[in-house]
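Undergrad: final21.pdb (PDB, C-alpha atoms, pLDDT in the B column) pasted underneath:
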ATOM      1  CA  MET A 129       0.000   0.000   0.000  1.00 75.00           C
ATOM      2  CA  LYS A 130       1.072   3.534  -0.681  1.00 94.00           C
ATOM      3  CA  ALA A 131       1.439   6.077   2.133  1.00 95.00           C
ATOM      4  CA  LYS A 132      -1.775   7.769   0.986  1.00 94.00           C
ATOM      5  CA  ASP A 133      -3.660   4.475   1.257  1.00 94.00           C
ATOM      6  CA  LEU A 134      -2.232   3.758   4.698  1.00 96.00           C
ATOM      7  CA  ALA A 135      -3.307   7.209   5.852  1.00 97.00           C
ATOM      8  CA  ARG A 136      -6.857   6.614   4.597  1.00 97.00           C
ATOM      9  CA  VAL A 137      -6.995   3.240   6.344  1.00 97.00           C
ATOM     10  CA  ALA A 138      -5.768   4.868   9.563  1.00 98.00           C
ATOM     11  CA  VAL A 139      -8.381   7.627   9.272  1.00 98.00           C
ATOM     12  CA  PHE A 140     -11.216   5.105   9.008  1.00 98.00           C
ATOM     13  CA  THR A 141      -9.829   3.058  11.895  1.00 98.00           C
ATOM     14  CA  ALA A 142      -9.760   6.262  13.965  1.00 98.00           C
ATOM     15  CA  LEU A 143     -13.273   7.224  12.857  1.00 98.00           C
ATOM     16  CA  THR A 144     -14.578   3.820  13.923  1.00 98.00           C
ATOM     17  CA  ILE A 145     -12.890   4.217  17.312  1.00 97.00           C
ATOM     18  CA  ALA A 146     -14.431   7.677  17.727  1.00 97.00           C
ATOM     19  CA  GLY A 147     -17.808   6.358  16.553  1.00 96.00           C
ATOM     20  CA  ALA A 148     -17.696   3.667  19.229  1.00 95.00           C
ATOM     21  CA  GLN A 149     -17.438   6.325  21.922  1.00 95.00           C
ATOM     22  CA  ILE A 150     -20.568   8.124  20.705  1.00 92.00           C
ATOM     23  CA  TYR A 151     -23.174   5.730  22.015  1.00 84.00           C
ATOM     24  CA  ILE A 152     -26.562   5.387  23.631  1.00 86.00           C
ATOM     25  CA  PRO A 153     -26.764   2.433  26.024  1.00 83.00           C
ATOM     26  CA  ILE A 154     -30.030   0.563  25.483  1.00 81.00           C
ATOM     27  CA  GLY A 155     -29.175  -2.820  26.966  1.00 72.00           C
ATOM     28  CA  SER A 156     -26.483  -5.313  26.055  1.00 67.00           C
ATOM     29  CA  VAL A 157     -25.906  -3.759  22.617  1.00 71.00           C
ATOM     30  CA  PRO A 158     -25.592   0.068  22.536  1.00 78.00           C
ATOM     31  CA  ILE A 159     -26.461   2.340  19.627  1.00 87.00           C
ATOM     32  CA  THR A 160     -23.161   3.707  18.281  1.00 92.00           C
ATOM     33  CA  LEU A 161     -21.803   5.418  15.190  1.00 95.00           C
ATOM     34  CA  GLN A 162     -19.503   2.479  14.444  1.00 95.00           C
ATOM     35  CA  VAL A 163     -21.861   1.104  11.799  1.00 96.00           C
ATOM     36  CA  LEU A 164     -21.766   4.425   9.933  1.00 97.00           C
ATOM     37  CA  PHE A 165     -17.979   4.259   9.668  1.00 98.00           C
ATOM     38  CA  VAL A 166     -17.861   0.524   8.918  1.00 98.00           C
ATOM     39  CA  ILE A 167     -20.155   1.080   5.929  1.00 98.00           C
ATOM     40  CA  LEU A 168     -18.422   4.288   4.891  1.00 98.00           C
ATOM     41  CA  SER A 169     -15.020   2.562   5.000  1.00 98.00           C
ATOM     42  CA  GLY A 170     -16.246  -0.001   2.482  1.00 98.00           C
ATOM     43  CA  LEU A 171     -17.850   2.618   0.249  1.00 97.00           C
ATOM     44  CA  VAL A 172     -14.849   4.958   0.190  1.00 96.00           C
ATOM     45  CA  LEU A 173     -11.872   2.626   0.612  1.00 97.00           C
ATOM     46  CA  LYS A 174     -13.442  -0.317  -1.250  1.00 96.00           C
ATOM     47  CA  GLU A 175     -13.042  -3.932  -0.231  1.00 96.00           C
ATOM     48  CA  LYS A 176      -9.345  -4.449   0.590  1.00 97.00           C
ATOM     49  CA  ARG A 177      -8.570  -1.196   2.358  1.00 98.00           C
ATOM     50  CA  GLY A 178     -11.987  -1.068   4.027  1.00 98.00           C
ATOM     51  CA  PHE A 179     -11.404  -4.570   5.370  1.00 98.00           C
ATOM     52  CA  VAL A 180      -7.956  -3.604   6.664  1.00 98.00           C
ATOM     53  CA  SER A 181      -9.292  -0.486   8.427  1.00 98.00           C
ATOM     54  CA  GLN A 182     -11.881  -2.537  10.292  1.00 98.00           C
ATOM     55  CA  PHE A 183      -9.561  -5.474  10.916  1.00 98.00           C
ATOM     56  CA  VAL A 184      -7.076  -3.099  12.564  1.00 98.00           C
ATOM     57  CA  TYR A 185      -9.931  -1.727  14.706  1.00 98.00           C
ATOM     58  CA  VAL A 186     -10.922  -5.243  15.830  1.00 98.00           C
ATOM     59  CA  LEU A 187      -7.298  -6.229  16.427  1.00 98.00           C
ATOM     60  CA  MET A 188      -6.670  -3.111  18.527  1.00 98.00           C
ATOM     61  CA  GLY A 189      -9.646  -3.962  20.730  1.00 97.00           C
ATOM     62  CA  LEU A 190      -8.697  -7.610  20.912  1.00 96.00           C
ATOM     63  CA  ILE A 191      -5.231  -6.830  22.289  1.00 96.00           C
ATOM     64  CA  GLY A 192      -6.796  -4.678  24.983  1.00 96.00           C
ATOM     65  CA  LEU A 193      -6.743  -1.133  23.670  1.00 97.00           C
ATOM     66  CA  PRO A 194      -9.893   0.722  24.815  1.00 96.00           C
ATOM     67  CA  VAL A 195     -11.420   1.217  21.365  1.00 96.00           C
ATOM     68  CA  PHE A 196     -14.835  -0.386  21.845  1.00 93.00           C
ATOM     69  CA  ALA A 197     -17.943   1.410  23.134  1.00 89.00           C
ATOM     70  CA  GLY A 198     -17.414   2.869  26.585  1.00 88.00           C
ATOM     71  CA  PHE A 199     -13.623   2.767  26.142  1.00 92.00           C
ATOM     72  CA  LYS A 200     -13.576  -0.998  26.589  1.00 93.00           C
ATOM     73  CA  GLY A 201     -11.223  -3.488  25.024  1.00 95.00           C
ATOM     74  CA  GLY A 202      -9.759  -6.934  25.409  1.00 95.00           C
ATOM     75  CA  ILE A 203     -10.661 -10.494  24.647  1.00 94.00           C
ATOM     76  CA  VAL A 204     -13.200 -10.526  27.486  1.00 92.00           C
ATOM     77  CA  HIS A 205     -15.170  -7.778  25.785  1.00 88.00           C
ATOM     78  CA  MET A 206     -14.896  -9.524  22.409  1.00 90.00           C
ATOM     79  CA  ALA A 207     -16.308 -12.662  23.988  1.00 93.00           C
ATOM     80  CA  GLY A 208     -19.291 -10.689  25.351  1.00 91.00           C
ATOM     81  CA  PRO A 209     -22.728 -10.125  23.797  1.00 90.00           C
ATOM     82  CA  THR A 210     -21.494  -7.493  21.313  1.00 89.00           C
ATOM     83  CA  GLY A 211     -18.558  -9.574  20.058  1.00 94.00           C
ATOM     84  CA  GLY A 212     -20.396 -10.854  16.994  1.00 96.00           C
ATOM     85  CA  TYR A 213     -21.200  -7.362  15.820  1.00 95.00           C
ATOM     86  CA  ILE A 214     -17.581  -6.299  16.227  1.00 96.00           C
ATOM     87  CA  ILE A 215     -16.274  -9.404  14.438  1.00 97.00           C
ATOM     88  CA  SER A 216     -18.623  -8.671  11.529  1.00 98.00           C
ATOM     89  CA  PHE A 217     -17.154  -5.213  10.839  1.00 98.00           C
ATOM     90  CA  PRO A 218     -14.244  -6.237   8.570  1.00 98.00           C
ATOM     91  CA  ILE A 219     -16.468  -8.669   6.662  1.00 98.00           C
ATOM     92  CA  ALA A 220     -19.238  -6.096   6.219  1.00 98.00           C
ATOM     93  CA  SER A 221     -16.778  -3.444   5.062  1.00 98.00           C
ATOM     94  CA  TRP A 222     -15.257  -5.855   2.519  1.00 98.00           C
ATOM     95  CA  VAL A 223     -18.670  -6.812   1.094  1.00 98.00           C
ATOM     96  CA  VAL A 224     -19.833  -3.174   0.960  1.00 98.00           C
ATOM     97  CA  GLY A 225     -16.646  -2.250  -0.893  1.00 97.00           C
ATOM     98  CA  LYS A 226     -16.956  -5.165  -3.295  1.00 97.00           C
ATOM     99  CA  LEU A 227     -20.584  -4.333  -4.130  1.00 97.00           C
ATOM    100  CA  SER A 228     -20.073  -0.578  -4.507  1.00 94.00           C
ATOM    101  CA  LYS A 229     -17.848  -0.567  -7.580  1.00 86.00           C
ATOM    102  CA  ASN A 230     -20.520   1.221  -9.610  1.00 85.00           C
ATOM    103  CA  LYS A 231     -20.463   4.820  -8.369  1.00 84.00           C
ATOM    104  CA  SER A 232     -24.208   5.399  -8.171  1.00 91.00           C
ATOM    105  CA  PHE A 233     -26.153   6.458  -5.108  1.00 95.00           C
ATOM    106  CA  VAL A 234     -28.589   3.561  -5.500  1.00 95.00           C
ATOM    107  CA  ARG A 235     -25.717   1.087  -5.722  1.00 96.00           C
ATOM    108  CA  TYR A 236     -24.193   2.609  -2.589  1.00 97.00           C
ATOM    109  CA  LEU A 237     -27.518   2.202  -0.773  1.00 97.00           C
ATOM    110  CA  ILE A 238     -27.842  -1.431  -1.826  1.00 97.00           C
ATOM    111  CA  SER A 239     -24.249  -2.075  -0.732  1.00 98.00           C
ATOM    112  CA  SER A 240     -24.853  -0.321   2.593  1.00 98.00           C
ATOM    113  CA  PHE A 241     -27.995  -2.308   3.362  1.00 98.00           C
ATOM    114  CA  THR A 242     -26.197  -5.526   2.468  1.00 98.00           C
ATOM    115  CA  GLY A 243     -23.468  -4.563   4.943  1.00 98.00           C
ATOM    116  CA  LEU A 244     -26.121  -3.989   7.608  1.00 98.00           C
ATOM    117  CA  MET A 245     -27.543  -7.462   6.980  1.00 98.00           C
ATOM    118  CA  ILE A 246     -24.096  -8.967   7.490  1.00 98.00           C
ATOM    119  CA  ILE A 247     -23.591  -7.065  10.743  1.00 97.00           C
ATOM    120  CA  TYR A 248     -27.051  -8.056  11.986  1.00 97.00           C
ATOM    121  CA  SER A 249     -26.675 -11.702  10.956  1.00 98.00           C
ATOM    122  CA  ILE A 250     -23.314 -12.327  12.578  1.00 98.00           C
ATOM    123  CA  GLY A 251     -24.171 -10.170  15.586  1.00 96.00           C
ATOM    124  CA  VAL A 252     -27.476 -11.868  16.323  1.00 96.00           C
ATOM    125  CA  MET A 253     -26.024 -15.369  15.845  1.00 97.00           C
ATOM    126  CA  TRP A 254     -23.412 -14.485  18.454  1.00 96.00           C
ATOM    127  CA  LEU A 255     -26.034 -12.934  20.755  1.00 95.00           C
ATOM    128  CA  VAL A 256     -28.082 -16.162  20.656  1.00 96.00           C
ATOM    129  CA  ILE A 257     -25.274 -17.769  22.678  1.00 95.00           C
ATOM    130  CA  TYR A 258     -26.111 -15.387  25.541  1.00 94.00           C
ATOM    131  CA  VAL A 259     -29.907 -15.242  25.370  1.00 94.00           C
ATOM    132  CA  LYS A 260     -30.386 -18.882  24.268  1.00 95.00           C
ATOM    133  CA  SER A 261     -33.005 -18.157  21.615  1.00 96.00           C
ATOM    134  CA  LEU A 262     -33.253 -16.388  18.265  1.00 96.00           C
ATOM    135  CA  LYS A 263     -36.385 -14.348  18.971  1.00 97.00           C
ATOM    136  CA  PRO A 264     -35.058 -12.483  22.042  1.00 95.00           C
ATOM    137  CA  ALA A 265     -31.695 -12.037  20.330  1.00 95.00           C
ATOM    138  CA  PHE A 266     -33.448 -10.425  17.358  1.00 96.00           C
ATOM    139  CA  LEU A 267     -35.676  -8.301  19.598  1.00 94.00           C
ATOM    140  CA  MET A 268     -32.750  -6.908  21.576  1.00 92.00           C
ATOM    141  CA  GLY A 269     -29.929  -7.052  19.034  1.00 92.00           C
ATOM    142  CA  VAL A 270     -31.571  -6.000  15.759  1.00 95.00           C
ATOM    143  CA  LEU A 271     -35.062  -4.544  16.042  1.00 95.00           C
ATOM    144  CA  PRO A 272     -34.213  -1.427  18.111  1.00 92.00           C
ATOM    145  CA  PHE A 273     -31.374  -0.575  15.715  1.00 93.00           C
ATOM    146  CA  ILE A 274     -33.158  -0.807  12.382  1.00 96.00           C
ATOM    147  CA  PRO A 275     -34.381   2.825  12.162  1.00 95.00           C
ATOM    148  CA  TRP A 276     -31.034   4.245  13.333  1.00 94.00           C
ATOM    149  CA  ASP A 277     -29.008   2.001  11.053  1.00 96.00           C
ATOM    150  CA  ILE A 278     -31.156   2.836   8.027  1.00 97.00           C
ATOM    151  CA  ILE A 279     -30.380   6.500   8.692  1.00 96.00           C
ATOM    152  CA  LYS A 280     -26.658   5.692   9.060  1.00 97.00           C
ATOM    153  CA  ALA A 281     -26.666   3.694   5.811  1.00 97.00           C
ATOM    154  CA  ILE A 282     -28.320   6.570   3.953  1.00 98.00           C
ATOM    155  CA  ILE A 283     -25.868   9.095   5.419  1.00 97.00           C
ATOM    156  CA  ALA A 284     -22.868   6.875   4.557  1.00 97.00           C
ATOM    157  CA  SER A 285     -24.178   6.420   1.011  1.00 97.00           C
ATOM    158  CA  PHE A 286     -24.721  10.138   0.591  1.00 97.00           C
ATOM    159  CA  ILE A 287     -21.266  11.041   1.937  1.00 96.00           C
ATOM    160  CA  ALA A 288     -19.560   8.433  -0.256  1.00 96.00           C
ATOM    161  CA  TYR A 289     -21.506   9.496  -3.324  1.00 96.00           C
ATOM    162  CA  ARG A 290     -20.601  13.158  -2.788  1.00 94.00           C
ATOM    163  CA  TYR A 291     -16.981  12.209  -2.081  1.00 90.00           C
ATOM    164  CA  GLU A 292     -16.717  10.103  -5.238  1.00 83.00           C
ATOM    165  CA  SER A 293     -18.393  12.847  -7.284  1.00 75.00           C
ATOM    166  CA  ASN A 294     -15.582  15.230  -6.329  1.00 76.00           C
ATOM    167  CA  PHE A 295     -12.740  12.866  -7.257  1.00 65.00           C
TER
END
As structure tokens, please, write out the structure in this file.
TA:
Amino acid sequence: MKAKDLARVAVFTALTIAGAQIYIPIGSVPITLQVLFVILSGLVLKEKRGFVSQFVYVLMGLIGLPVFAGFKGGIVHMAGPTGGYIISFPIASWVVGKLSKNKSFVRYLISSFTGLMIIYSIGVMWLVIYVKSLKPAFLMGVLPFIPWDIIKAIIASFIAYRYESNF
């Protein structure tokens, strides 16, 4: 990677860290701005660099740096109820980047919503381990987030579309 690419990856890692600290606690899984930056990293950096930015974020938290919501970090936090969502970030960013090759707003929206589905799917499967059933996991780990995440996906798509239009 070129220095410019490394700087962009670092910026999106930092944005995801900052987004984790802007949160509303509503139970085991807080509302954060992480999803906005996960999606945006895929849209702007595309699949490889977007993946790396989110992988670095996950790795930083895994080794204990306080990058997760509430300035938490470590393997204990990764093994908790939100671990599946966090693990899904690099995958979601890669898929969003792969699907967003066509620089149209509609394509960005479709890519963003696909990324959300990946985050929800992996996150809720992980959450089932803690709540022992799919229905409560969905009710607490997906349903309250849908309106907020739709807004984040639209914002990320708009920002990426405007960014790409200028370059």
Undergrad: Write out as a VMD selection string the residues lying within 6 Å of range 144-147 of chain A, counting only C-alpha atoms and excluding same-chain residues fewer than 5 positions away.
TA: chain A and resid 161 to 162 165 195
Undergrad: Could you tell me how far CA of Ser228 in chain A sits from CA of Phe286 in chain A, in Å to one decimal place?
TA: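 Computing it gives 12.7 Å between the two atoms.
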Undergrad: Between A:Ala207, A:Ile159, A:Val184, A:Ile246, which is the closest to Phe140 in chain A once you count only C-alpha atoms?
TA: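 Using only C-alpha atoms, Phe140 in chain A sits closest to A:Val184.
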Undergrad: Fewer than 5 positions away in the same chain doesn't count, so skip those; otherwise give me all residues within 12 Å of Ile287 in chain A, counting only C-alpha atoms, as a PyMOL selection string.
TA: chain A and resi 164-165+167-169+171-172+232-233+236-237+240+280-282+292-294
Undergrad: What does the distance from CA of Leu227 in chain A to CA of Gly269 in chain A come to in Å, to one decimal?
TA: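 We find that CA of Leu227 in chain A and CA of Gly269 in chain A lie 25.1 Å from each other.
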Undergrad: Which of these residues is nearest to Gly202 in chain A, using all atoms listed in the file: A:Ile214, A:Met188, A:Ala265, A:Ile279?
TA: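 Answer, going by the shortest atom-to-atom distance: A:Met188.
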Undergrad: Can you work out the spacing between CA of Arg235 in chain A and CA of Ala138 in chain A in Å, to one decimal?
TA: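 Here the two named atoms are 25.4 Å from each other.
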Undergrad: Hey, what's within 10 Å of Val180 in chain A if we count only C-alpha atoms and toss same-chain stuff fewer than 5 positions away? As a PDB file with C-alpha atoms, keeping the file's coordinate frame, please?
TA:
ATOM      1  CA  LEU A 134      -2.232   3.758   4.698  1.00 96.00           C
ATOM      2  CA  VAL A 137      -6.995   3.240   6.344  1.00 97.00           C
ATOM      3  CA  ALA A 138      -5.768   4.868   9.563  1.00 98.00           C
ATOM      4  CA  PHE A 140     -11.216   5.105   9.008  1.00 98.00           C
ATOM      5  CA  THR A 141      -9.829   3.058  11.895  1.00 98.00           C
ATOM      6  CA  SER A 169     -15.020   2.562   5.000  1.00 98.00           C
ATOM      7  CA  GLY A 170     -16.246  -0.001   2.482  1.00 98.00           C
ATOM      8  CA  LEU A 173     -11.872   2.626   0.612  1.00 97.00           C
ATOM      9  CA  GLU A 175     -13.042  -3.932  -0.231  1.00 96.00           C
ATOM     10  CA  TYR A 185      -9.931  -1.727  14.706  1.00 98.00           C
ATOM     11  CA  VAL A 186     -10.922  -5.243  15.830  1.00 98.00           C
ATOM     12  CA  PRO A 218     -14.244  -6.237   8.570  1.00 98.00           C
ATOM     13  CA  ILE A 219     -16.468  -8.669   6.662  1.00 98.00           C
ATOM     14  CA  SER A 221     -16.778  -3.444   5.062  1.00 98.00           C
ATOM     15  CA  TRP A 222     -15.257  -5.855   2.519  1.00 98.00           C
TER      16      TRP A 222
END
Undergrad: Which is closer to Ile257 in chain A than all the others in A:Gly212, A:Ala220, A:Gly178, A:Met245, using only C-alpha atoms?
TA: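 Result for the nearest residue to Ile257 in chain A: A:Gly212.
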Undergrad: Just checking: using all atoms listed in the file, which residue out of A:Val163, A:Ala288, A:Ala142, A:Ile283 ends up closest to Gly243 in chain A?
TA: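 The shortest atom-to-atom distance to Gly243 in chain A comes from A:Val163.
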Undergrad: Around all the atoms of range 200-209 of chain A listed in the file, draw an axis-aligned box and extend it by 5 Å on each of the six sides; I want its centre and edge lengths in Å to one decimal, as AutoDock Vina command-line options.
TA:
--center_x -16.2 --center_y -6.8 --center_z 24.9 --size_x 23.0 --size_y 21.7 --size_z 15.1
Undergrad: Given the choices A:Ser181, A:Val157, A:Ser249, A:Ile203, which gets closest to Asp133 in chain A if the distance is worked out from all atoms listed in the file?
TA: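 Checking each candidate against Asp133 in chain A, we get A:Ser181 as the closest.
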Undergrad: Around (-32.7, -14.3, 13.9), as given in the file, which residues come within 8 Å? Count only C-alpha atoms and list them as an MDAnalysis selection string.
TA: chainID A and resid 249 252:253 262:263 265:266
